[in-house]
Structures are given as C-alpha cells and as structure tokens.
Amino acid sequence: MSPPRILSIAGSDSSGGAGIQADIKTITMLGGYAMTAITAITAQNSLGVTAVEALSPALVAAQIDACTSDIGVDAVKIGMLGSPAIAAVVADRLEALRVPVVFDPVMVATSGAALADAATIAGFERLMRLAVLTTPNVTELAALGGHAAMMARGVAYLAKGGDAEGERVEDTLMIPGEAPHVMAGTRIHTRHNHGTGCTLSSAIATYIGRGLPLSEAVDRARLFVRSALRAAPGFGAGHGPMGHHEARG
C-alpha cells in the first residue's frame with residue numbers, strides 16, 4: 001500500500017524542533033510521505049525566536065501547486081502562515097483542492113514569541129471553515145473567541161489543554177452535533193516540549209490521510225506526542241525538542 005501523501009504548509013524552524021522540520025519527522029515516523037510548502041524562515045532554538053522572514057505568497061502558492069500537480073496529496077496540515085496574504089493564498093489553493101485539512105492556528109511559539117499579527121489571525125476564518133479540524137491551544141482558543149465563538153462557527157476543533165494548570169491534561173474534541181469527546185492523561189513534566197502543537201497536528205493529518213476517522217486520528221496522535229515527550233533527547237537550554245526518532249504512534 002502506498003504511504004499517505006501529506007502536505008505541510010508551515011514555517012521552518014532552524015533548530016529542528018517545531019514547524020516544517022517537526023512535521024516531516026512526524027509524518028515519516030507514522031508511515032506517511034511528507035511534502036512541504038514553507039511559509040516563513042525563522043531563526044530559533046530552544047531559547048526563543050530571534051528572526052522571522054515570511055516568503056512571498058506567490059512562492060508559497062508555487063510550492064503547493066508543484067506538490068499537488070504531480071505527487072498528489074491525501075491530507076494537508078497548516079501551521080505558521082506568516083502574513084495575511086499567505087493565509088489568503090493558502091485558502092484559495094485549498095478551496096480548489098478539496099482534501100482533508102488540519103489547521104493549527106499558530107500564534108505564539110512555545111518560547112512565547114509572537115508568530116502571527118492581528119491581520120493574519122483575522123485571515124484564519126476561511127481556513128477554519130475549510131478544515132476538518134482546528135487545533136487551538138489555551139491562548140489561541142481565547143484569541144479566537146473561546147468555546148462559544150468556535151461553536152458558533154460550526155467547525156470541528158480540538159481544544160488542547162497542555163498549557164492549562166494542573167496534573168491532569170485534558171484535550172477536548174468538539175464536533176458539531178456531537179457530545180464533547182474529552183481525552184485526558186497525566187501531565188508529563190518536562191521542559192523539552194518544543195513543537196508539541198506542530199507534531200500533534202501533523203500526526204492527526206497523517207492518520208486522517210491513512211483513512212482513520214477523526215476521533216481515532218486525534219486519539220492516536222495524542223499518544224504519539226506523549227511518546228515523543230518521553231523520548232526527548234535533552235537538547236537545548238530552554239524548551240528543547242521532543243524525541244520524534246523514538247516516538248511510537
């Protein structure tokens with residue numbers, strides 16, 4: 001059986017812990033074929049982001065076109081976008097593509113650095129409508145208006161609880177017309193958690209590309225992230241990278 005073809009549309013992380021680099025590792029470890037459309041170049045490591053430069057919308061669109069016109073695609077993961085114009089061109093391309101999309105509305109890096117301005121966040125609306133799942137963390141969910149606003153949009157979303165307080169981490173999958181699906185686990189205490197959101201969303205996209213239903217894809221992706229957290233190699237003086245190389249789905 002051919003591997004599912006997964007396109008990651010996201011920013012590059014020079015230190016390899018998050019962004020495109022984390023997506024490639026995740027997709028590959030889960031048996032997918034990884035393709036990329038890089039939206040921005042960042043200079044970052046476990047201590048933070050020191051520089052960001054967005055690519056042109058035309059170049060982002062060209063990368064998407066190059067992948068979809070030849071290799072083909074079974075599912076898409078969207079991460080950091082970099083500018084409102086990039087958000088718009090990505091939405092244009094994906095509206096025509098009609099494949100499952102997992103949207104991680106990246107606004108702030110694990111280190112606390114802002115990765116999206118207000119205009120870019122405003123451009124998220126089209127992408128949330130396009131996506132089969134949007135995956136905000138605590139801060140991102142608040143910026144998008146909270147549970148009430150997300151439910152009013154009528155979109156499926158995963159409210160991630162890793163940034164909340166407490167020893168019990170709860171992620172809540174909300175699908176229109178269904179009861180909340182709460183998935184919980186004991187908190188894994190580690191500072192090596194760089195790229196958790198990127199890894200989770202690309203894992204979900206890979207499982208969906210393999211044909212799994214949404215709830216199962218989310219559940220299995222969570223287990224992969226927890227495995228990667230436990231396998232972290234201990235690199236860096238701050239929020240270090242996870243251990244994708246030893247993680248299991």
# chains A, B, ... in the order shown; residues from 1 in each chain; ligands from 1
call {"tool": "residues_around", "arguments": {"residues": "A:Arg187", "least_positions_apart": "4", "cutoff": "7 Å", "atoms": "only C-alpha atoms", "output": "NGL selection string"}}
result
:A and (167-169)
call {"tool": "select_by_dssp", "arguments": {"residues": "stretch 92-246 of chain A", "states": "helix (DSSP H, G or I)", "output": "ChimeraX atom specification"}}
result
/A:92-97,118-122,124-130,138-143,146-153,196-209,214-230,244-246
call {"tool": "write_last_selection", "arguments": {"atoms": "C-alpha atoms", "output": "PDB file, in the first residue's frame"}}
result
ATOM      1  CA  ASP A  92      -7.518  29.882  -2.312  1.00  0.00           C
ATOM      2  CA  ARG A  93      -5.480  26.798  -3.142  1.00  0.00           C
ATOM      3  CA  LEU A  94      -7.134  24.543  -0.571  1.00  0.00           C
ATOM      4  CA  GLU A  95     -10.663  25.525  -1.555  1.00  0.00           C
ATOM      5  CA  ALA A  96      -9.924  24.132  -5.004  1.00  0.00           C
ATOM      6  CA  LEU A  97      -8.050  21.085  -3.697  1.00  0.00           C
ATOM      7  CA  ALA A 118      -3.894  40.587  14.200  1.00  0.00           C
ATOM      8  CA  ALA A 119      -4.409  40.767  10.440  1.00  0.00           C
ATOM      9  CA  THR A 120      -3.084  37.238   9.952  1.00  0.00           C
ATOM     10  CA  ILE A 121      -5.332  35.949  12.746  1.00  0.00           C
ATOM     11  CA  ALA A 122      -8.304  37.599  11.016  1.00  0.00           C
ATOM     12  CA  PHE A 124      -7.824  32.354   9.906  1.00  0.00           C
ATOM     13  CA  GLU A 125     -11.615  32.420   9.438  1.00  0.00           C
ATOM     14  CA  ARG A 126     -11.553  30.965   5.924  1.00  0.00           C
ATOM     15  CA  LEU A 127      -9.104  28.284   6.953  1.00  0.00           C
ATOM     16  CA  MET A 128     -11.193  27.199   9.937  1.00  0.00           C
ATOM     17  CA  ARG A 129     -14.189  26.790   7.636  1.00  0.00           C
ATOM     18  CA  LEU A 130     -12.085  24.729   5.229  1.00  0.00           C
ATOM     19  CA  VAL A 138      -5.439  27.641  25.524  1.00  0.00           C
ATOM     20  CA  THR A 139      -4.110  31.034  24.372  1.00  0.00           C
ATOM     21  CA  GLU A 140      -5.171  30.547  20.762  1.00  0.00           C
ATOM     22  CA  LEU A 141      -8.665  29.436  21.742  1.00  0.00           C
ATOM     23  CA  ALA A 142      -9.084  32.619  23.793  1.00  0.00           C
ATOM     24  CA  ALA A 143      -7.854  34.753  20.875  1.00  0.00           C
ATOM     25  CA  GLY A 146     -13.348  30.905  23.211  1.00  0.00           C
ATOM     26  CA  HIS A 147     -15.635  27.888  23.065  1.00  0.00           C
ATOM     27  CA  ALA A 148     -18.750  29.973  22.385  1.00  0.00           C
ATOM     28  CA  ALA A 149     -17.262  31.584  19.286  1.00  0.00           C
ATOM     29  CA  MET A 150     -15.858  28.298  17.965  1.00  0.00           C
ATOM     30  CA  MET A 151     -19.203  26.546  18.430  1.00  0.00           C
ATOM     31  CA  ALA A 152     -20.987  29.443  16.708  1.00  0.00           C
ATOM     32  CA  ARG A 153     -18.692  28.963  13.711  1.00  0.00           C
ATOM     33  CA  THR A 196       4.097  19.751  20.539  1.00  0.00           C
ATOM     34  CA  GLY A 197       1.374  21.540  18.573  1.00  0.00           C
ATOM     35  CA  CYS A 198       3.112  21.059  15.234  1.00  0.00           C
ATOM     36  CA  THR A 199       3.683  17.392  15.964  1.00  0.00           C
ATOM     37  CA  LEU A 200       0.099  16.796  17.068  1.00  0.00           C
ATOM     38  CA  SER A 201      -1.494  18.450  14.040  1.00  0.00           C
ATOM     39  CA  SER A 202       0.771  16.736  11.510  1.00  0.00           C
ATOM     40  CA  ALA A 203       0.157  13.383  13.222  1.00  0.00           C
ATOM     41  CA  ILE A 204      -3.608  13.921  13.002  1.00  0.00           C
ATOM     42  CA  ALA A 205      -3.283  14.806   9.317  1.00  0.00           C
ATOM     43  CA  THR A 206      -1.230  11.671   8.682  1.00  0.00           C
ATOM     44  CA  TYR A 207      -3.737   9.413  10.398  1.00  0.00           C
ATOM     45  CA  ILE A 208      -6.614  11.049   8.500  1.00  0.00           C
ATOM     46  CA  GLY A 209      -4.623  10.556   5.290  1.00  0.00           C
ATOM     47  CA  LEU A 214     -11.354  11.969  13.093  1.00  0.00           C
ATOM     48  CA  SER A 215     -11.754  10.918  16.727  1.00  0.00           C
ATOM     49  CA  GLU A 216      -9.413   7.953  16.327  1.00  0.00           C
ATOM     50  CA  ALA A 217      -6.867  10.069  14.448  1.00  0.00           C
ATOM     51  CA  VAL A 218      -6.831  12.582  17.311  1.00  0.00           C
ATOM     52  CA  ASP A 219      -6.561   9.906  19.978  1.00  0.00           C
ATOM     53  CA  ARG A 220      -3.642   8.154  18.269  1.00  0.00           C
ATOM     54  CA  ALA A 221      -1.894  11.464  17.527  1.00  0.00           C
ATOM     55  CA  ARG A 222      -2.052  12.371  21.221  1.00  0.00           C
ATOM     56  CA  LEU A 223      -0.355   9.101  22.094  1.00  0.00           C
ATOM     57  CA  PHE A 224       2.387   9.828  19.568  1.00  0.00           C
ATOM     58  CA  VAL A 225       3.038  13.254  21.123  1.00  0.00           C
ATOM     59  CA  ARG A 226       3.181  11.774  24.621  1.00  0.00           C
ATOM     60  CA  SER A 227       5.634   9.147  23.388  1.00  0.00           C
ATOM     61  CA  ALA A 228       7.792  11.864  21.787  1.00  0.00           C
ATOM     62  CA  LEU A 229       7.777  13.895  25.019  1.00  0.00           C
ATOM     63  CA  ARG A 230       9.037  10.906  26.976  1.00  0.00           C
ATOM     64  CA  HIS A 244      10.433  12.038  17.288  1.00  0.00           C
ATOM     65  CA  HIS A 245      13.091   9.480  16.415  1.00  0.00           C
ATOM     66  CA  GLU A 246      11.944   7.112  19.159  1.00  0.00           C
TER      67      GLU A 246
END
call {"tool": "closest_residue", "arguments": {"among": "A:Cys67, A:Ala43, A:Ile6, A:Ala159", "to": "A:Met183", "atoms": "only C-alpha atoms"}}
result
A:Ala159
call {"tool": "residues_around", "arguments": {"residues": "A:Lys160", "least_positions_apart": "4", "cutoff": "8 Å", "atoms": "only C-alpha atoms", "output": "ChimeraX atom specification"}}
result
/A:135-138,170-172
call {"tool": "closest_residue", "arguments": {"among": "A:Ala164, A:Ala18, A:Ala54, A:Leu173", "to": "A:Ser83", "atoms": "only C-alpha atoms"}}
result
A:Ala54
call {"tool": "residues_around", "arguments": {"residues": "A:Gln21", "least_positions_apart": "4", "cutoff": "10 Å", "atoms": "only C-alpha atoms", "output": "list in words"}}
result
Ser8, Ala10, Gly11, Ser12, Asp13, Ser14, Ser15, Gly16, Gly17, Lys25, Thr26, Thr36, Gly195, Cys198 and Thr199 of chain A
call {"tool": "decode", "arguments": {"residues": "stretch 118-129 of chain A", "atoms": "all heavy atoms", "output": "PDB file, in the first residue's frame"}}
result
ATOM      1  N   ALA A 118      -2.428  40.566  14.167  1.00  0.00           N
ATOM      2  CA  ALA A 118      -3.894  40.587  14.200  1.00  0.00           C
ATOM      3  C   ALA A 118      -4.502  40.362  12.818  1.00  0.00           C
ATOM      4  O   ALA A 118      -5.524  39.682  12.680  1.00  0.00           O
ATOM      5  CB  ALA A 118      -4.367  41.924  14.776  1.00  0.00           C
ATOM      6  N   ALA A 119      -3.881  40.926  11.793  1.00  0.00           N
ATOM      7  CA  ALA A 119      -4.409  40.767  10.440  1.00  0.00           C
ATOM      8  C   ALA A 119      -4.319  39.314   9.969  1.00  0.00           C
ATOM      9  O   ALA A 119      -5.226  38.809   9.299  1.00  0.00           O
ATOM     10  CB  ALA A 119      -3.659  41.682   9.472  1.00  0.00           C
ATOM     11  N   THR A 120      -3.236  38.652  10.321  1.00  0.00           N
ATOM     12  CA  THR A 120      -3.084  37.238   9.952  1.00  0.00           C
ATOM     13  C   THR A 120      -4.127  36.398  10.681  1.00  0.00           C
ATOM     14  O   THR A 120      -4.745  35.497  10.096  1.00  0.00           O
ATOM     15  CB  THR A 120      -1.676  36.736  10.297  1.00  0.00           C
ATOM     16  OG1 THR A 120      -0.714  37.535   9.600  1.00  0.00           O
ATOM     17  CG2 THR A 120      -1.504  35.283   9.883  1.00  0.00           C
ATOM     18  N   ILE A 121      -4.327  36.682  11.972  1.00  0.00           N
ATOM     19  CA  ILE A 121      -5.332  35.949  12.746  1.00  0.00           C
ATOM     20  C   ILE A 121      -6.717  36.139  12.148  1.00  0.00           C
ATOM     21  O   ILE A 121      -7.520  35.201  12.082  1.00  0.00           O
ATOM     22  CB  ILE A 121      -5.294  36.388  14.219  1.00  0.00           C
ATOM     23  CG1 ILE A 121      -3.945  35.997  14.853  1.00  0.00           C
ATOM     24  CG2 ILE A 121      -6.443  35.772  15.011  1.00  0.00           C
ATOM     25  CD1 ILE A 121      -3.698  36.585  16.224  1.00  0.00           C
ATOM     26  N   ALA A 122      -7.014  37.348  11.651  1.00  0.00           N
ATOM     27  CA  ALA A 122      -8.304  37.599  11.016  1.00  0.00           C
ATOM     28  C   ALA A 122      -8.484  36.724   9.778  1.00  0.00           C
ATOM     29  O   ALA A 122      -9.601  36.313   9.443  1.00  0.00           O
ATOM     30  CB  ALA A 122      -8.422  39.070  10.639  1.00  0.00           C
ATOM     31  N   GLY A 123      -7.376  36.418   9.113  1.00  0.00           N
ATOM     32  CA  GLY A 123      -7.422  35.573   7.927  1.00  0.00           C
ATOM     33  C   GLY A 123      -7.642  34.108   8.224  1.00  0.00           C
ATOM     34  O   GLY A 123      -7.843  33.301   7.307  1.00  0.00           O
ATOM     35  N   PHE A 124      -7.615  33.745   9.515  1.00  0.00           N
ATOM     36  CA  PHE A 124      -7.824  32.354   9.906  1.00  0.00           C
ATOM     37  C   PHE A 124      -9.257  31.884   9.654  1.00  0.00           C
ATOM     38  O   PHE A 124      -9.512  30.679   9.582  1.00  0.00           O
ATOM     39  CB  PHE A 124      -7.518  32.157  11.393  1.00  0.00           C
ATOM     40  CG  PHE A 124      -6.049  32.202  11.747  1.00  0.00           C
ATOM     41  CD1 PHE A 124      -5.647  32.049  13.069  1.00  0.00           C
ATOM     42  CD2 PHE A 124      -5.076  32.386  10.781  1.00  0.00           C
ATOM     43  CE1 PHE A 124      -4.310  32.079  13.418  1.00  0.00           C
ATOM     44  CE2 PHE A 124      -3.730  32.418  11.126  1.00  0.00           C
ATOM     45  CZ  PHE A 124      -3.346  32.266  12.442  1.00  0.00           C
ATOM     46  N   GLU A 125     -10.208  32.801   9.547  1.00  0.00           N
ATOM     47  CA  GLU A 125     -11.615  32.420   9.438  1.00  0.00           C
ATOM     48  C   GLU A 125     -11.868  31.480   8.260  1.00  0.00           C
ATOM     49  O   GLU A 125     -12.548  30.456   8.403  1.00  0.00           O
ATOM     50  CB  GLU A 125     -12.500  33.662   9.324  1.00  0.00           C
ATOM     51  CG  GLU A 125     -12.507  34.548  10.553  1.00  0.00           C
ATOM     52  CD  GLU A 125     -13.166  33.892  11.765  1.00  0.00           C
ATOM     53  OE1 GLU A 125     -13.936  32.924  11.597  1.00  0.00           O
ATOM     54  OE2 GLU A 125     -12.916  34.358  12.890  1.00  0.00           O
ATOM     55  N   ARG A 126     -11.348  31.826   7.094  1.00  0.00           N
ATOM     56  CA  ARG A 126     -11.553  30.965   5.924  1.00  0.00           C
ATOM     57  C   ARG A 126     -10.951  29.585   6.138  1.00  0.00           C
ATOM     58  O   ARG A 126     -11.538  28.574   5.744  1.00  0.00           O
ATOM     59  CB  ARG A 126     -10.931  31.599   4.672  1.00  0.00           C
ATOM     60  CG  ARG A 126     -11.696  32.745   4.091  1.00  0.00           C
ATOM     61  CD  ARG A 126     -10.957  33.313   2.890  1.00  0.00           C
ATOM     62  NE  ARG A 126     -10.953  32.398   1.750  1.00  0.00           N
ATOM     63  CZ  ARG A 126     -10.184  32.563   0.675  1.00  0.00           C
ATOM     64  NH1 ARG A 126      -9.332  33.583   0.614  1.00  0.00           N
ATOM     65  NH2 ARG A 126     -10.257  31.701  -0.324  1.00  0.00           N
ATOM     66  N   LEU A 127      -9.790  29.555   6.755  1.00  0.00           N
ATOM     67  CA  LEU A 127      -9.104  28.284   6.953  1.00  0.00           C
ATOM     68  C   LEU A 127      -9.832  27.396   7.957  1.00  0.00           C
ATOM     69  O   LEU A 127      -9.883  26.177   7.790  1.00  0.00           O
ATOM     70  CB  LEU A 127      -7.658  28.535   7.387  1.00  0.00           C
ATOM     71  CG  LEU A 127      -6.804  29.243   6.335  1.00  0.00           C
ATOM     72  CD1 LEU A 127      -5.468  29.659   6.924  1.00  0.00           C
ATOM     73  CD2 LEU A 127      -6.602  28.350   5.122  1.00  0.00           C
ATOM     74  N   MET A 128     -10.414  27.991   8.988  1.00  0.00           N
ATOM     75  CA  MET A 128     -11.193  27.199   9.937  1.00  0.00           C
ATOM     76  C   MET A 128     -12.415  26.596   9.268  1.00  0.00           C
ATOM     77  O   MET A 128     -12.806  25.462   9.570  1.00  0.00           O
ATOM     78  CB  MET A 128     -11.589  28.055  11.147  1.00  0.00           C
ATOM     79  CG  MET A 128     -10.431  28.351  12.088  1.00  0.00           C
ATOM     80  SD  MET A 128     -10.957  29.090  13.669  1.00  0.00           S
ATOM     81  CE  MET A 128     -11.354  30.764  13.142  1.00  0.00           C
ATOM     82  N   ARG A 129     -13.035  27.323   8.355  1.00  0.00           N
ATOM     83  CA  ARG A 129     -14.189  26.790   7.636  1.00  0.00           C
ATOM     84  C   ARG A 129     -13.789  25.662   6.693  1.00  0.00           C
ATOM     85  O   ARG A 129     -14.552  24.721   6.458  1.00  0.00           O
ATOM     86  CB  ARG A 129     -14.887  27.897   6.854  1.00  0.00           C
ATOM     87  CG  ARG A 129     -15.593  28.930   7.728  1.00  0.00           C
ATOM     88  CD  ARG A 129     -16.545  29.781   6.919  1.00  0.00           C
ATOM     89  NE  ARG A 129     -15.870  30.556   5.884  1.00  0.00           N
ATOM     90  CZ  ARG A 129     -15.394  31.775   6.051  1.00  0.00           C
ATOM     91  NH1 ARG A 129     -15.511  32.370   7.234  1.00  0.00           N
ATOM     92  NH2 ARG A 129     -14.819  32.415   5.061  1.00  0.00           N
TER      93      ARG A 129
END
